[in-house]
$ cat data_23.tsv   # TSV, C-alpha atoms
chain	number	residue	atom	x	y	z
O	1	ASN	CA	9.83	-15.72	8.78
O	2	ALA	CA	9.82	-12.22	10.16
O	3	GLY	CA	7.95	-9.58	8.24
O	4	VAL	CA	9.32	-6.28	7.06
O	5	MET	CA	11.00	-4.62	10.01
O	6	GLN	CA	11.27	-0.87	10.30
O	7	ASN	CA	13.01	0.99	13.05
O	8	PRO	CA	12.65	3.09	14.92
O	9	ARG	CA	8.86	3.06	15.13
O	10	HIS	CA	8.85	6.62	16.37
O	11	LEU	CA	11.56	9.22	15.86
O	12	VAL	CA	11.68	12.78	17.15
O	13	ARG	CA	14.19	15.19	15.71
O	14	ARG	CA	14.79	18.90	16.13
O	15	ARG	CA	14.87	21.09	13.06
O	16	GLY	CA	18.24	20.85	11.37
O	17	GLN	CA	19.11	17.40	12.67
O	18	GLU	CA	19.46	14.27	10.59
O	19	ALA	CA	16.95	11.41	10.55
O	20	ARG	CA	17.90	7.86	9.61
O	21	LEU	CA	15.13	5.38	8.98
O	22	ARG	CA	15.89	1.69	8.60
O	23	CYS	CA	14.06	-1.03	6.76
O	24	SER	CA	14.93	-4.72	6.82
O	25	PRO	CA	13.01	-6.51	4.06
O	26	MET	CA	11.46	-9.92	4.42
O	27	LYS	CA	13.86	-12.81	3.99
O	28	GLY	CA	14.42	-13.51	0.33
O	29	HIS	CA	13.14	-10.11	-0.81
O	30	SER	CA	15.56	-8.03	-2.82
O	31	HIS	CA	13.29	-5.11	-3.71
O	32	VAL	CA	12.47	-2.26	-1.36
O	33	TYR	CA	10.08	0.66	-1.75
O	34	TRP	CA	9.83	3.73	0.45
O	35	TYR	CA	6.63	5.76	0.82
O	36	ARG	CA	5.74	8.87	2.77
O	37	GLN	CA	2.33	9.52	4.19
O	38	LEU	CA	1.37	12.91	5.56
O	39	PRO	CA	-1.50	13.07	8.06
O	40	GLU	CA	-4.86	12.51	6.38
O	41	GLU	CA	-3.21	11.95	2.98
O	42	GLY	CA	-2.44	8.95	0.80
O	43	LEU	CA	0.82	7.12	0.28
O	44	LYS	CA	3.32	9.00	-1.84
O	45	PHE	CA	5.99	6.98	-3.61
O	46	MET	CA	9.54	8.09	-2.87
O	47	VAL	CA	12.06	5.55	-4.10
O	48	TYR	CA	12.45	1.98	-5.35
O	49	LEU	CA	15.69	0.11	-4.72
O	50	GLN	CA	17.19	-3.26	-5.40
O	51	LYS	CA	20.32	-4.45	-3.68
O	52	GLU	CA	23.01	-1.82	-4.27
O	53	ASN	CA	20.94	-0.06	-6.95
O	54	ILE	CA	18.44	2.76	-7.05
O	55	ILE	CA	15.92	1.86	-9.72
O	56	ASP	CA	13.45	4.74	-9.48
O	57	GLU	CA	13.85	7.82	-7.30
O	58	SER	CA	11.30	9.96	-9.07
O	59	GLY	CA	9.42	10.61	-5.84
O	60	MET	CA	12.41	11.75	-3.81
O	61	PRO	CA	12.81	15.44	-3.05
O	62	LYS	CA	15.87	16.76	-4.85
O	63	GLU	CA	17.60	17.94	-1.70
O	64	ARG	CA	18.24	16.56	1.78
O	65	PHE	CA	16.79	13.08	1.04
O	66	SER	CA	18.79	10.02	0.08
O	67	ALA	CA	18.28	6.28	0.15
O	68	GLU	CA	20.46	3.23	-0.09
O	69	PHE	CA	20.11	-0.52	0.03
O	70	PRO	CA	23.56	-2.01	0.55
O	71	LYS	CA	24.59	-5.55	-0.21
O	72	GLU	CA	24.58	-6.30	3.50
O	73	GLY	CA	22.23	-4.72	5.99
O	74	PRO	CA	18.97	-2.81	5.88
O	75	SER	CA	17.80	-0.16	3.49
O	76	ILE	CA	18.31	3.34	4.88
O	77	LEU	CA	16.29	6.45	4.17
O	78	ARG	CA	18.26	9.48	5.26
O	79	ILE	CA	16.87	12.95	5.72
O	80	GLN	CA	19.37	15.69	6.38
O	81	GLN	CA	18.58	19.01	8.05
O	82	VAL	CA	15.01	18.03	8.81
O	83	VAL	CA	12.24	20.61	8.70
O	84	ARG	CA	8.74	20.56	10.21
O	85	GLY	CA	7.27	19.58	6.86
O	86	ASP	CA	9.19	16.29	6.97
O	87	SER	CA	6.97	15.13	9.83
O	88	ALA	CA	5.12	12.12	8.44
O	89	ALA	CA	4.84	8.36	8.53
O	90	TYR	CA	7.45	6.66	6.36
O	91	PHE	CA	6.55	3.18	5.19
O	92	CYS	CA	8.83	0.64	3.62
O	93	ALA	CA	7.60	-2.29	1.55
O	94	SER	CA	9.53	-5.25	0.18
O	95	SER	CA	8.89	-7.80	-2.50
O	96	PRO	CA	10.74	-10.59	-4.27
O	97	GLN	CA	11.65	-10.11	-7.90
O	98	PRO	CA	8.75	-8.57	-9.84
O	99	GLN	CA	8.13	-11.61	-12.00
O	100	GLY	CA	5.74	-14.15	-10.60
O	101	GLY	CA	2.97	-11.93	-9.33
O	102	ALA	CA	3.94	-11.91	-5.67
O	103	GLU	CA	2.62	-9.08	-3.59
O	104	ALA	CA	4.60	-6.54	-1.58
O	105	PHE	CA	4.58	-6.48	2.20
O	106	PHE	CA	4.75	-3.37	4.34
O	107	GLY	CA	6.55	-2.63	7.54
O	108	GLN	CA	4.75	-0.90	10.37
O	109	GLY	CA	6.27	2.42	9.47
O	110	THR	CA	8.41	5.03	11.18
O	111	ARG	CA	6.61	8.08	12.45
O	112	LEU	CA	8.91	11.04	12.26
O	113	THR	CA	8.12	14.15	14.26
O	114	VAL	CA	10.21	17.25	13.75
O	115	VAL	CA	10.02	19.73	16.60
V	1	ARG	CA	-0.93	10.70	-16.48
V	2	LYS	CA	-0.31	8.98	-13.14
V	3	GLU	CA	0.73	5.34	-13.28
V	4	VAL	CA	-2.13	4.34	-10.99
V	5	GLU	CA	-5.13	6.57	-10.32
V	6	GLN	CA	-7.90	6.29	-7.79
V	7	ASP	CA	-10.73	8.56	-6.66
V	8	PRO	CA	-9.61	9.62	-3.17
V	9	GLY	CA	-13.21	9.78	-1.89
V	10	PRO	CA	-14.34	9.74	0.81
V	11	PHE	CA	-17.17	7.37	0.04
V	12	ASN	CA	-19.71	7.62	2.86
V	13	VAL	CA	-22.14	4.71	2.72
V	14	PRO	CA	-24.70	3.28	5.16
V	15	GLU	CA	-24.26	-0.14	6.68
V	16	GLY	CA	-25.50	-2.84	4.37
V	17	ALA	CA	-24.89	-0.85	1.21
V	18	THR	CA	-22.91	-2.04	-1.79
V	19	VAL	CA	-20.01	0.14	-2.84
V	20	ALA	CA	-17.58	-0.09	-5.74
V	21	PHE	CA	-14.17	1.45	-6.34
V	22	ASN	CA	-12.36	1.72	-9.63
V	23	CYS	CA	-8.71	2.17	-10.32
V	24	THR	CA	-7.04	2.90	-13.65
V	25	TYR	CA	-3.47	2.15	-14.63
V	26	SER	CA	-1.38	3.53	-17.46
V	27	ASN	CA	1.07	0.75	-18.25
V	28	SER	CA	-0.53	-1.81	-20.53
V	29	ALA	CA	2.33	-4.23	-19.79
V	30	SER	CA	1.36	-4.44	-16.10
V	31	GLN	CA	1.40	-8.01	-14.94
V	32	SER	CA	-0.46	-8.42	-11.69
V	33	PHE	CA	-2.92	-6.48	-9.61
V	34	PHE	CA	-3.94	-6.27	-5.98
V	35	TRP	CA	-6.17	-4.44	-3.56
V	36	TYR	CA	-4.72	-3.43	-0.22
V	37	ARG	CA	-6.47	-2.05	2.82
V	38	GLN	CA	-5.03	0.57	5.14
V	39	ASP	CA	-6.54	1.31	8.52
V	40	CYS	CA	-5.90	4.63	10.19
V	41	ARG	CA	-2.24	5.04	11.18
V	42	LYS	CA	-1.43	1.44	10.28
V	43	GLU	CA	0.52	-0.11	7.44
V	44	PRO	CA	-1.31	-1.25	4.29
V	45	LYS	CA	-2.13	-4.95	4.17
V	46	LEU	CA	-3.07	-7.18	1.27
V	47	LEU	CA	-6.82	-7.57	0.89
V	48	MET	CA	-6.92	-9.66	-2.25
V	49	SER	CA	-5.23	-10.33	-5.53
V	50	VAL	CA	-7.09	-9.57	-8.75
V	51	TYR	CA	-7.25	-12.26	-11.38
V	52	SER	CA	-8.09	-11.87	-15.04
V	53	SER	CA	-11.29	-13.87	-14.70
V	54	GLY	CA	-12.39	-11.92	-11.65
V	55	ASN	CA	-12.44	-13.34	-8.15
V	56	GLU	CA	-14.51	-13.23	-5.05
V	57	ASP	CA	-13.69	-13.49	-1.36
V	58	GLY	CA	-16.78	-13.40	0.79
V	59	ARG	CA	-18.37	-9.97	0.41
V	60	PHE	CA	-15.52	-8.70	-1.76
V	61	THR	CA	-15.32	-9.07	-5.53
V	62	ALA	CA	-12.40	-7.90	-7.63
V	63	GLN	CA	-12.35	-7.58	-11.39
V	64	LEU	CA	-9.78	-6.71	-14.01
V	65	ASN	CA	-10.44	-5.13	-17.39
V	66	ARG	CA	-7.20	-5.23	-19.35
V	67	ALA	CA	-8.69	-3.63	-22.46
V	68	SER	CA	-9.72	-0.52	-20.56
V	69	GLN	CA	-6.87	-0.81	-18.06
V	70	TYR	CA	-8.81	-0.67	-14.87
V	71	ILE	CA	-9.51	-2.83	-11.88
V	72	SER	CA	-12.46	-2.68	-9.55
V	73	LEU	CA	-13.39	-3.71	-6.04
V	74	LEU	CA	-16.98	-4.34	-5.03
V	75	ILE	CA	-17.98	-4.60	-1.39
V	76	ARG	CA	-21.41	-5.99	-0.64
V	77	ASP	CA	-23.34	-5.66	2.63
V	78	SER	CA	-20.90	-3.07	4.01
V	79	LYS	CA	-19.92	-3.38	7.66
V	80	LEU	CA	-18.68	-0.65	9.98
V	81	SER	CA	-15.40	-2.55	10.11
V	82	ASP	CA	-14.94	-2.03	6.37
V	83	SER	CA	-14.17	1.63	7.03
V	84	ALA	CA	-10.62	2.09	5.79
V	85	THR	CA	-8.62	3.31	2.82
V	86	TYR	CA	-8.43	0.91	-0.11
V	87	LEU	CA	-5.30	0.98	-2.23
V	88	CYS	CA	-5.05	-0.27	-5.76
V	89	VAL	CA	-1.69	-1.87	-6.54
V	90	VAL	CA	-0.22	-2.68	-9.93
V	91	ARG	CA	2.85	-4.78	-10.48
V	92	GLY	CA	4.87	-4.45	-13.63
V	93	TYR	CA	8.09	-6.00	-14.82
V	94	GLN	CA	10.20	-3.57	-12.87
V	95	LYS	CA	8.26	-2.47	-9.85
V	96	VAL	CA	5.15	-2.32	-7.74
V	97	THR	CA	3.09	0.87	-7.93
V	98	PHE	CA	0.52	1.87	-5.32
V	99	GLY	CA	-2.40	4.20	-5.85
V	100	THR	CA	-2.96	6.85	-3.22
V	101	GLY	CA	-6.11	5.13	-2.01
V	102	THR	CA	-9.87	5.56	-1.77
V	103	LYS	CA	-11.29	6.30	1.64
V	104	LEU	CA	-14.43	4.43	2.68
V	105	GLN	CA	-16.53	5.40	5.69
V	106	VAL	CA	-19.40	3.08	6.56
V	107	ILE	CA	-22.02	4.88	8.59
V	108	PRO	CA	-24.33	3.21	11.15

$ encode --input "data_23.tsv" --output "structure tokens"
Amino acid sequence: NAGVMQNPRHLVRRRGQEARLRCSPMKGHSHVYWYRQLPEEGLKFMVYLQKENIIDESGMPKERFSAEFPKEGPSILRIQQVVRGDSAAYFCASSPQPQGGAEAFFGQGTRLTVV
Amino acid sequence: RKEVEQDPGPFNVPEGATVAFNCTYSNSASQSFFWYRQDCRKEPKLLMSVYSSGNEDGRFTAQLNRASQYISLLIRDSKLSDSATYLCVVRGYQKVTFGTGTKLQVIP
């Protein structure tokens, strides 16, 4: 049973380009969370999705950022027109349905560098 | 008020010391609780679940106080390898919420 898979592990983009980060949850998990971590800072919640639904996007910047979790395929975090300040590690976590007390599992993260 | 709050630290302690972290949560309907550990530039990993009666795993003890809405993590006989960031995690009906973490540095 593969863990949470994120790709790419490292992504370099020039200012103004688009970044697409992918997250495949663990098998059987239908809940996905995206977090951003700036160097030397803690995890900052961005968005919580279930299949085909955004449940909580209170941590998403209002512009340039979007997320989806389609019925088929991985969850995608999309950043349009990247700027230097978007450089960070982006972690995805997945969990089964909230009931039952199961923990969430993290992917290894995507490290985005904007040059 | 943040859903989950932790003192960011850093906590600098000598080897062999005992150190405790607290974490408060705002949603009284929260259902389950965890401590995660994050090493530098790595993904967070589950350290231990927190049960209502309190639980222990070797040098680590976790406790839950539902009345005051906080959980704690106690580390005894600190090792250099305990240096990391410790994240408090609260699971409610709808979602999992992570604290921003408390940084621990164990000094030789």

$ closest_residue --input "data_23.tsv" --among "O:Lys44, O:Arg14, O:Arg64, O:Lys27" --to "Lys2 in chain V" --atoms "all atoms listed in the file"
O:Lys44

$ interface_residues --input "data_23.tsv" --of "chain V" --to "chain O" --cutoff "7 Å" --atoms "all atoms listed in the file" --output "PyMOL selection string"
chain V and resi 32+42-44+92-95+100-101

$ write_last_selection --input "data_23.tsv" --atoms "C-alpha atoms" --output "compact mmCIF listing (two decimals), keeping the file's coordinate frame"
# COMPACT_ATOMS: atom_id res chain seq x y z
CA SER V 32 -0.46 -8.42 -11.69
CA LYS V 42 -1.43 1.44 10.28
CA GLU V 43 0.52 -0.11 7.44
CA PRO V 44 -1.31 -1.25 4.29
CA GLY V 92 4.87 -4.45 -13.63
CA TYR V 93 8.09 -6.00 -14.82
CA GLN V 94 10.20 -3.57 -12.87
CA LYS V 95 8.26 -2.47 -9.85
CA THR V 100 -2.96 6.85 -3.22
CA GLY V 101 -6.11 5.13 -2.01

$ atom_distance --input "data_23.tsv" --atom1 "CA of Asp39 in chain V" --atom2 "CA of Pro10 in chain V"
13.8 Å

$ closest_residue --input "data_23.tsv" --among "V:Cys23, V:Phe33, V:Ala17, V:Gln6" --to "Leu46 in chain V" --atoms "only C-alpha atoms"
V:Phe33

$ atom_distance --input "data_23.tsv" --atom1 "CA of Tyr36 in chain V" --atom2 "CA of Asp7 in chain V"
14.9 Å

$ residues_near_point --input "data_23.tsv" --point "(-0.6, 7.7, -16.0)" --cutoff "10 Å" --atoms "all atoms listed in the file" --output "list of chain:residue names"
V:Arg1, V:Lys2, V:Glu3, V:Val4, V:Glu5, V:Thr24, V:Tyr25, V:Ser26, V:Asn27

$ closest_residue --input "data_23.tsv" --among "V:Ser78, V:Gln31, V:Thr97, V:Gln38" --to "Thr18 in chain V" --atoms "only C-alpha atoms"
V:Ser78

$ residues_around --input "data_23.tsv" --residues "Met46 in chain O" --least-positions-apart "5" --cutoff "6 Å" --atoms "only C-alpha atoms" --output "JSON, numbers by chain"
{"O": [34, 35, 59, 60]}

$ residues_around --input "data_23.tsv" --residues "Arg20 in chain O" --least-positions-apart "6" --cutoff "10 Å" --atoms "all atoms listed in the file" --output "PyMOL selection string"
chain O and resi 7-8+11+66-67+76-80+112

$ residues_around --input "data_23.tsv" --residues "Lys103 in chain V" --least-positions-apart "5" --cutoff "7 Å" --atoms "all atoms listed in the file" --output "list in words"
Pro8, Gly9, Pro10, Phe11, Ala84, Thr85 and Tyr86 of chain V

$ closest_residue --input "data_23.tsv" --among "V:Tyr51, V:Phe21, V:Phe98, V:Trp35" --to "Leu74 in chain V" --atoms "only C-alpha atoms"
V:Phe21

$ closest_residue --input "data_23.tsv" --among "V:Ser28, V:Leu80, V:Val96, V:Ile75" --to "Val47 in chain O" --atoms "all atoms listed in the file"
V:Val96

$ decode --input "data_23.tsv" --residues "range 35-92 of chain V" --atoms "C-alpha atoms" --output "PDB file, in the first residue's frame"
ATOM      1  CA  TRP V  35       1.273  14.402  18.073  1.00  0.00           C
ATOM      2  CA  TYR V  36       3.379  14.464  14.929  1.00  0.00           C
ATOM      3  CA  ARG V  37       7.085  15.021  14.566  1.00  0.00           C
ATOM      4  CA  GLN V  38       8.719  16.909  11.720  1.00  0.00           C
ATOM      5  CA  ASP V  39      12.432  16.763  11.075  1.00  0.00           C
ATOM      6  CA  CYS V  40      14.135  19.511   9.132  1.00  0.00           C
ATOM      7  CA  ARG V  41      13.000  19.586   5.489  1.00  0.00           C
ATOM      8  CA  LYS V  42      11.058  16.339   5.865  1.00  0.00           C
ATOM      9  CA  GLU V  43       7.366  15.560   5.985  1.00  0.00           C
ATOM     10  CA  PRO V  44       5.588  15.324   9.359  1.00  0.00           C
ATOM     11  CA  LYS V  45       5.163  11.802  10.696  1.00  0.00           C
ATOM     12  CA  LEU V  46       2.875  10.433  13.367  1.00  0.00           C
ATOM     13  CA  LEU V  47       4.560  10.217  16.758  1.00  0.00           C
ATOM     14  CA  MET V  48       1.643   9.033  18.834  1.00  0.00           C
ATOM     15  CA  SER V  49      -2.087   9.228  19.266  1.00  0.00           C
ATOM     16  CA  VAL V  50      -3.487  10.842  22.396  1.00  0.00           C
ATOM     17  CA  TYR V  51      -6.090   8.946  24.354  1.00  0.00           C
ATOM     18  CA  SER V  52      -8.503  10.299  26.926  1.00  0.00           C
ATOM     19  CA  SER V  53      -6.877   8.336  29.732  1.00  0.00           C
ATOM     20  CA  GLY V  54      -3.404   9.421  28.728  1.00  0.00           C
ATOM     21  CA  ASN V  55      -0.852   7.135  27.138  1.00  0.00           C
ATOM     22  CA  GLU V  56       2.817   6.450  27.213  1.00  0.00           C
ATOM     23  CA  ASP V  57       5.282   5.213  24.613  1.00  0.00           C
ATOM     24  CA  GLY V  58       8.743   4.790  26.044  1.00  0.00           C
ATOM     25  CA  ARG V  59      10.041   8.215  27.024  1.00  0.00           C
ATOM     26  CA  PHE V  60       6.981   9.973  25.593  1.00  0.00           C
ATOM     27  CA  THR V  61       3.755  10.605  27.482  1.00  0.00           C
ATOM     28  CA  ALA V  62       0.698  12.238  25.963  1.00  0.00           C
ATOM     29  CA  GLN V  63      -2.298  13.540  27.862  1.00  0.00           C
ATOM     30  CA  LEU V  64      -5.646  15.032  26.970  1.00  0.00           C
ATOM     31  CA  ASN V  65      -7.667  17.461  29.057  1.00  0.00           C
ATOM     32  CA  ARG V  66     -11.065  17.827  27.410  1.00  0.00           C
ATOM     33  CA  ALA V  67     -12.411  20.211  30.043  1.00  0.00           C
ATOM     34  CA  SER V  68      -9.649  22.726  29.393  1.00  0.00           C
ATOM     35  CA  GLN V  69      -9.272  21.744  25.742  1.00  0.00           C
ATOM     36  CA  TYR V  70      -5.592  21.061  25.656  1.00  0.00           C
ATOM     37  CA  ILE V  71      -3.254  18.199  24.998  1.00  0.00           C
ATOM     38  CA  SER V  72       0.287  17.782  26.201  1.00  0.00           C
ATOM     39  CA  LEU V  73       3.412  15.879  25.287  1.00  0.00           C
ATOM     40  CA  LEU V  74       6.074  15.066  27.847  1.00  0.00           C
ATOM     41  CA  ILE V  75       9.507  13.863  26.788  1.00  0.00           C
ATOM     42  CA  ARG V  76      11.715  12.385  29.476  1.00  0.00           C
ATOM     43  CA  ASP V  77      15.483  11.874  29.302  1.00  0.00           C
ATOM     44  CA  SER V  78      15.799  13.960  26.132  1.00  0.00           C
ATOM     45  CA  LYS V  79      18.137  12.688  23.426  1.00  0.00           C
ATOM     46  CA  LEU V  80      19.902  14.678  20.734  1.00  0.00           C
ATOM     47  CA  SER V  81      17.791  12.762  18.229  1.00  0.00           C
ATOM     48  CA  ASP V  82      14.629  14.241  19.751  1.00  0.00           C
ATOM     49  CA  SER V  83      15.517  17.589  18.171  1.00  0.00           C
ATOM     50  CA  ALA V  84      12.649  18.303  15.797  1.00  0.00           C
ATOM     51  CA  THR V  85       9.410  20.228  15.506  1.00  0.00           C
ATOM     52  CA  TYR V  86       6.430  18.682  17.284  1.00  0.00           C
ATOM     53  CA  LEU V  87       3.008  19.265  15.784  1.00  0.00           C
ATOM     54  CA  CYS V  88      -0.237  18.987  17.638  1.00  0.00           C
ATOM     55  CA  VAL V  89      -3.064  17.589  15.510  1.00  0.00           C
ATOM     56  CA  VAL V  90      -6.776  17.683  16.202  1.00  0.00           C
ATOM     57  CA  ARG V  91      -9.356  15.749  14.267  1.00  0.00           C
ATOM     58  CA  GLY V  92     -12.953  16.866  14.193  1.00  0.00           C
TER      59      GLY V  92
END
